[in-house]
Amino acid sequence: MPRAVRACAPCATLTDAEVPPPHIIAQVPVRAGTLVDMRRIGDIHTFEDRTLQRWMTHASSAVLGATAALAVGLMVALGACAPGALDRPLAGVLGIAPLAWFALCGWFAAFAVATFALLAVHELVHAALFKLFAPRGVRITFGANWKVGMLYACAEGIVYTRRQYLVIALGPSVAVTAAVLACAIAAGCPVLAVGIAGVHLCGCTGDWYYVRTILRNPAVTHCEDTTWGMRLFGAGEGTGADAADEKGAAA
Ligand SMILES: [Zn+2]
C-alpha cells in the first residue's frame, strides 16, 4: 500500500495520508512548500538476502585476516624496535620480559569484554545518528535477529536523504574505530587497540553493503531503515520498482 510522506525537511515521515499515484511511494520537500515525488527503487531484506550474507561473510573474513596479520605484525615489530611501546602483557609472550599470566589473562578479558560491549555501542551510534537527522520526537527501536546473529537499531517510517543515510551507516565504523584506537593506545595497548577495532569492523560489513549498494546506484536519493532491512527511493518521475512489479504481475 503506497504511503505518502509528510513534509518535514530535510528527511520525511511516512504517514497513511494523501495516497499518491501507485508508483509514487513517498514525497519529500526539496525546498519550503515544495514536494518531490519519490519512486521505490528496491528493497534489501537483510536477513534473507543470500547475496548480502555471502558478501558479508567474505568481507568479514578479509577484515579478520587483515586484523590478525596487522596485530601480529605490530606485536613483532614493536617487540623488536620499541618494546616500551608494546602492550605490557605481550612482552612476556615474545620473551623480552617475564611472562605474567595474570596480566595476560586480563589482556584477553579486556579484549572479550570490549568486543561484546561494542556490539551495543555500535547500535547506539546508529541510534544517535538516526535521531540527529529525524524530526523531533521520533522513536528509535532496537532489535535482534538471532537466526543470523544480527543486532539492529531502526527508525522505521523515517525517510533519510542519501547523504544522511550514508553518514548513519558509516558512523559506527568511523566513530567506534577512532574511539577504540584513541583509548587503547592512550592506555599503552596498541596491539589490543588493533584487535578490538578490527573485530568490531568485522561486524560492520552489513553497513558497508548498504553503503556499497547506495553508492553503486546514483538514482538512489533517499533511504528508509526498517526492521527487516532497508528501502531505496529515487526522487522524481520514472519507472520505479513498484511499476516494474506491476508490469511483471500483469505479464
Ligand atoms: Zn551497523
# chains A, B, ... in the order shown; residues from 1 in each chain; ligands from 1

$ residues_near_ligand --ligand "ligand 1" --cutoff "12 Å" --atoms "only C-alpha atoms and all ligand atoms" --output "PyMOL selection string"
chain A and resi 46+118-127+129-130+142+144+150-154+165-176+200-211+225+229

$ write_last_selection --atoms "N, CA and C atoms" --output "short mmCIF file (atom, residue, chain, number, x, y, z; two decimals), in the first residue's frame"
data_model
loop_
_atom_site.label_atom_id
_atom_site.label_comp_id
_atom_site.auth_asym_id
_atom_site.auth_seq_id
_atom_site.Cartn_x
_atom_site.Cartn_y
_atom_site.Cartn_z
N THR A 46 17.59 -7.77 4.64
CA THR A 46 18.90 -8.12 5.21
C THR A 46 19.01 -9.57 5.70
N LEU A 118 31.05 -3.38 22.54
CA LEU A 118 30.97 -2.57 21.32
C LEU A 118 29.79 -2.95 20.43
N LEU A 119 29.25 -4.16 20.63
CA LEU A 119 28.04 -4.52 19.87
C LEU A 119 26.93 -3.54 20.21
N ALA A 120 26.81 -3.22 21.51
CA ALA A 120 25.79 -2.26 21.95
C ALA A 120 26.16 -0.84 21.55
N VAL A 121 27.44 -0.49 21.72
CA VAL A 121 27.88 0.86 21.39
C VAL A 121 27.64 1.14 19.89
N HIS A 122 27.91 0.15 19.07
CA HIS A 122 27.71 0.27 17.62
C HIS A 122 26.27 0.69 17.32
N GLU A 123 25.31 -0.02 17.93
CA GLU A 123 23.90 0.28 17.66
C GLU A 123 23.51 1.64 18.25
N LEU A 124 24.13 1.99 19.39
CA LEU A 124 23.82 3.30 19.99
C LEU A 124 24.30 4.45 19.09
N VAL A 125 25.42 4.24 18.40
CA VAL A 125 25.91 5.27 17.47
C VAL A 125 24.93 5.41 16.30
N HIS A 126 24.48 4.25 15.76
CA HIS A 126 23.45 4.33 14.70
C HIS A 126 22.23 5.10 15.22
N ALA A 127 21.78 4.73 16.45
CA ALA A 127 20.56 5.33 17.00
C ALA A 127 20.72 6.84 17.17
N LEU A 129 22.59 8.83 15.46
CA LEU A 129 22.58 9.47 14.15
C LEU A 129 21.18 9.43 13.53
N PHE A 130 20.45 8.31 13.74
CA PHE A 130 19.05 8.25 13.29
C PHE A 130 18.28 9.42 13.91
N PHE A 142 15.22 -0.91 18.84
CA PHE A 142 16.36 -1.83 18.77
C PHE A 142 15.82 -3.25 18.66
N ALA A 144 16.91 -7.67 17.39
CA ALA A 144 17.93 -8.66 17.04
C ALA A 144 17.29 -9.75 16.21
N MET A 150 22.32 -11.00 14.17
CA MET A 150 22.49 -9.57 13.92
C MET A 150 21.66 -8.74 14.88
N LEU A 151 22.28 -7.69 15.41
CA LEU A 151 21.55 -6.70 16.20
C LEU A 151 21.25 -5.52 15.28
N TYR A 152 20.23 -4.76 15.59
CA TYR A 152 19.98 -3.57 14.78
C TYR A 152 19.29 -2.47 15.57
N ALA A 153 19.55 -1.23 15.14
CA ALA A 153 18.78 -0.07 15.59
C ALA A 153 17.98 0.36 14.37
N CYS A 154 16.80 0.90 14.57
CA CYS A 154 15.94 1.16 13.42
C CYS A 154 15.06 2.39 13.67
N TYR A 165 21.82 9.01 5.17
CA TYR A 165 21.85 7.55 5.39
C TYR A 165 23.28 7.02 5.32
N LEU A 166 24.08 7.59 4.42
CA LEU A 166 25.48 7.15 4.34
C LEU A 166 26.22 7.47 5.64
N VAL A 167 25.93 8.65 6.22
CA VAL A 167 26.56 9.02 7.49
C VAL A 167 26.09 8.07 8.59
N ILE A 168 24.79 7.76 8.62
CA ILE A 168 24.24 6.85 9.64
C ILE A 168 24.88 5.46 9.51
N ALA A 169 25.00 4.99 8.27
CA ALA A 169 25.54 3.64 8.06
C ALA A 169 27.02 3.54 8.41
N LEU A 170 27.78 4.59 8.07
CA LEU A 170 29.23 4.53 8.29
C LEU A 170 29.65 5.06 9.67
N GLY A 171 28.71 5.70 10.38
CA GLY A 171 29.03 6.32 11.68
C GLY A 171 29.77 5.40 12.63
N PRO A 172 29.22 4.19 12.94
CA PRO A 172 29.91 3.32 13.90
C PRO A 172 31.29 2.87 13.41
N SER A 173 31.43 2.58 12.12
CA SER A 173 32.74 2.14 11.60
C SER A 173 33.80 3.20 11.91
N VAL A 174 33.45 4.46 11.68
CA VAL A 174 34.43 5.54 11.87
C VAL A 174 34.57 5.90 13.34
N ALA A 175 33.42 6.17 14.01
CA ALA A 175 33.47 6.70 15.38
C ALA A 175 34.02 5.65 16.36
N VAL A 176 33.53 4.41 16.26
CA VAL A 176 33.97 3.38 17.20
C VAL A 176 35.45 3.05 16.98
N HIS A 200 35.61 -5.37 15.75
CA HIS A 200 34.39 -4.55 15.61
C HIS A 200 34.09 -4.31 14.13
N LEU A 201 35.13 -4.01 13.34
CA LEU A 201 34.91 -3.74 11.91
C LEU A 201 34.36 -4.97 11.18
N CYS A 202 34.70 -6.17 11.68
CA CYS A 202 34.14 -7.40 11.09
C CYS A 202 32.61 -7.37 11.16
N GLY A 203 32.10 -6.74 12.23
CA GLY A 203 30.64 -6.66 12.39
C GLY A 203 30.02 -5.48 11.69
N CYS A 204 30.82 -4.70 10.99
CA CYS A 204 30.30 -3.51 10.28
C CYS A 204 30.01 -3.80 8.82
N THR A 205 30.27 -5.02 8.37
CA THR A 205 30.21 -5.28 6.93
C THR A 205 28.79 -5.19 6.36
N GLY A 206 27.78 -5.42 7.20
CA GLY A 206 26.40 -5.24 6.73
C GLY A 206 26.14 -3.78 6.39
N ASP A 207 26.66 -2.88 7.22
CA ASP A 207 26.54 -1.44 6.95
C ASP A 207 27.27 -1.11 5.64
N TRP A 208 28.43 -1.70 5.46
CA TRP A 208 29.21 -1.42 4.25
C TRP A 208 28.47 -1.89 3.01
N TYR A 209 27.73 -3.00 3.14
CA TYR A 209 26.96 -3.49 1.98
C TYR A 209 25.87 -2.48 1.61
N TYR A 210 25.23 -1.89 2.63
CA TYR A 210 24.24 -0.84 2.36
C TYR A 210 24.90 0.32 1.62
N VAL A 211 26.05 0.76 2.14
CA VAL A 211 26.76 1.89 1.55
C VAL A 211 27.15 1.56 0.10
N ASP A 225 15.22 3.04 6.78
CA ASP A 225 15.68 1.86 7.50
C ASP A 225 14.45 1.16 8.07
N GLY A 229 15.30 -4.54 7.03
CA GLY A 229 16.39 -4.17 6.13
C GLY A 229 16.32 -2.71 5.77
#

$ residues_around --residues "Ala103 of chain A" --least-positions-apart "4" --cutoff "12 Å" --atoms "only C-alpha atoms" --output "JSON, numbers by chain"
{"A": [87, 88, 89, 90, 91, 92, 93, 98, 99, 107, 108, 109, 110]}

$ closest_residue --among "A:Ile158, A:Arg212, A:Val194, A:Ala85" --to "Arg136 of chain A" --atoms "only C-alpha atoms"
A:Ile158

$ closest_residue --among "A:Ala128, A:Ile96, A:Val199, A:Ala117" --to "Ala62 of chain A" --atoms "only C-alpha atoms"
A:Val199

$ select_by_dssp --residues "segment 173-217 of chain A" --states "helix (DSSP H, G or I)" --output "PyMOL selection string"
chain A and resi 173-186+190-202+205-215

$ closest_residue --among "A:Gly143, A:Gly195, A:Gly137, A:Gly157" --to "Met75 of chain A" --atoms "only C-alpha atoms"
A:Gly195

$ atom_distance --atom1 "atom CA of Gly106 of chain A" --atom2 "atom CA of Thr177 of chain A"
21.4 Å

$ select_by_dssp --residues "segment 135-248 of chain A" --states "strand (DSSP E or B)" --output "PyMOL selection string"
chain A and resi 141-145+150-154+158-161+222-225+229-235

$ write_last_selection --atoms "N, CA and C atoms" --output "compact mmCIF listing (two decimals), in the first residue's frame"
# COMPACT_ATOMS: atom_id res chain seq x y z
N THR A 141 14.01 2.24 17.55
CA THR A 141 13.82 0.92 18.17
C THR A 141 15.07 0.06 17.97
N PHE A 142 15.22 -0.91 18.84
CA PHE A 142 16.36 -1.83 18.77
C PHE A 142 15.82 -3.25 18.66
N GLY A 143 16.53 -4.09 17.97
CA GLY A 143 16.07 -5.47 17.85
C GLY A 143 17.22 -6.39 17.50
N ALA A 144 16.91 -7.67 17.39
CA ALA A 144 17.93 -8.66 17.04
C ALA A 144 17.29 -9.75 16.21
N ASN A 145 18.05 -10.30 15.29
CA ASN A 145 17.63 -11.49 14.57
C ASN A 145 18.65 -12.57 14.95
N MET A 150 22.32 -11.00 14.17
CA MET A 150 22.49 -9.57 13.92
C MET A 150 21.66 -8.74 14.88
N LEU A 151 22.28 -7.69 15.41
CA LEU A 151 21.55 -6.70 16.20
C LEU A 151 21.25 -5.52 15.28
N TYR A 152 20.23 -4.76 15.59
CA TYR A 152 19.98 -3.57 14.78
C TYR A 152 19.29 -2.47 15.57
N ALA A 153 19.55 -1.23 15.14
CA ALA A 153 18.78 -0.07 15.59
C ALA A 153 17.98 0.36 14.37
N CYS A 154 16.80 0.90 14.57
CA CYS A 154 15.94 1.16 13.42
C CYS A 154 15.06 2.39 13.67
N ILE A 158 10.91 6.69 8.81
CA ILE A 158 11.63 7.93 8.50
C ILE A 158 12.43 7.73 7.22
N VAL A 159 12.22 8.62 6.28
CA VAL A 159 12.97 8.54 5.02
C VAL A 159 14.11 9.55 5.10
N TYR A 160 15.33 9.05 5.02
CA TYR A 160 16.52 9.91 5.11
C TYR A 160 17.07 10.20 3.72
N THR A 161 17.76 11.32 3.60
CA THR A 161 18.41 11.61 2.33
C THR A 161 19.59 10.64 2.17
N HIS A 222 17.07 8.70 -1.57
CA HIS A 222 16.58 8.62 -0.19
C HIS A 222 16.52 7.16 0.25
N CYS A 223 16.60 6.93 1.57
CA CYS A 223 16.55 5.57 2.11
C CYS A 223 15.71 5.55 3.38
N GLU A 224 15.06 4.42 3.59
CA GLU A 224 14.35 4.21 4.85
C GLU A 224 14.90 2.95 5.50
N ASP A 225 15.22 3.04 6.78
CA ASP A 225 15.68 1.86 7.50
C ASP A 225 14.45 1.16 8.07
N GLY A 229 15.30 -4.54 7.03
CA GLY A 229 16.39 -4.17 6.13
C GLY A 229 16.32 -2.71 5.77
N MET A 230 16.30 -2.40 4.47
CA MET A 230 16.20 -1.00 4.06
C MET A 230 15.45 -0.87 2.75
N ARG A 231 14.88 0.30 2.53
CA ARG A 231 14.18 0.59 1.28
C ARG A 231 14.90 1.74 0.59
N LEU A 232 15.03 1.61 -0.72
CA LEU A 232 15.75 2.61 -1.50
C LEU A 232 14.76 3.37 -2.37
N PHE A 233 14.85 4.70 -2.37
CA PHE A 233 13.95 5.53 -3.15
C PHE A 233 14.74 6.43 -4.10
N GLY A 234 14.07 6.83 -5.18
CA GLY A 234 14.66 7.80 -6.10
C GLY A 234 13.70 8.97 -6.24
N ALA A 235 14.24 10.18 -6.18
CA ALA A 235 13.38 11.35 -6.32
C ALA A 235 13.04 11.57 -7.78

$ atom_distance --atom1 "atom CA of Cys189 of chain A" --atom2 "atom CA of Thr57 of chain A"
28.4 Å

$ closest_residue --among "A:Ala66, A:Gly198, A:Gly42, A:Ala100" --to "Val180 of chain A" --atoms "only C-alpha atoms"
A:Gly198
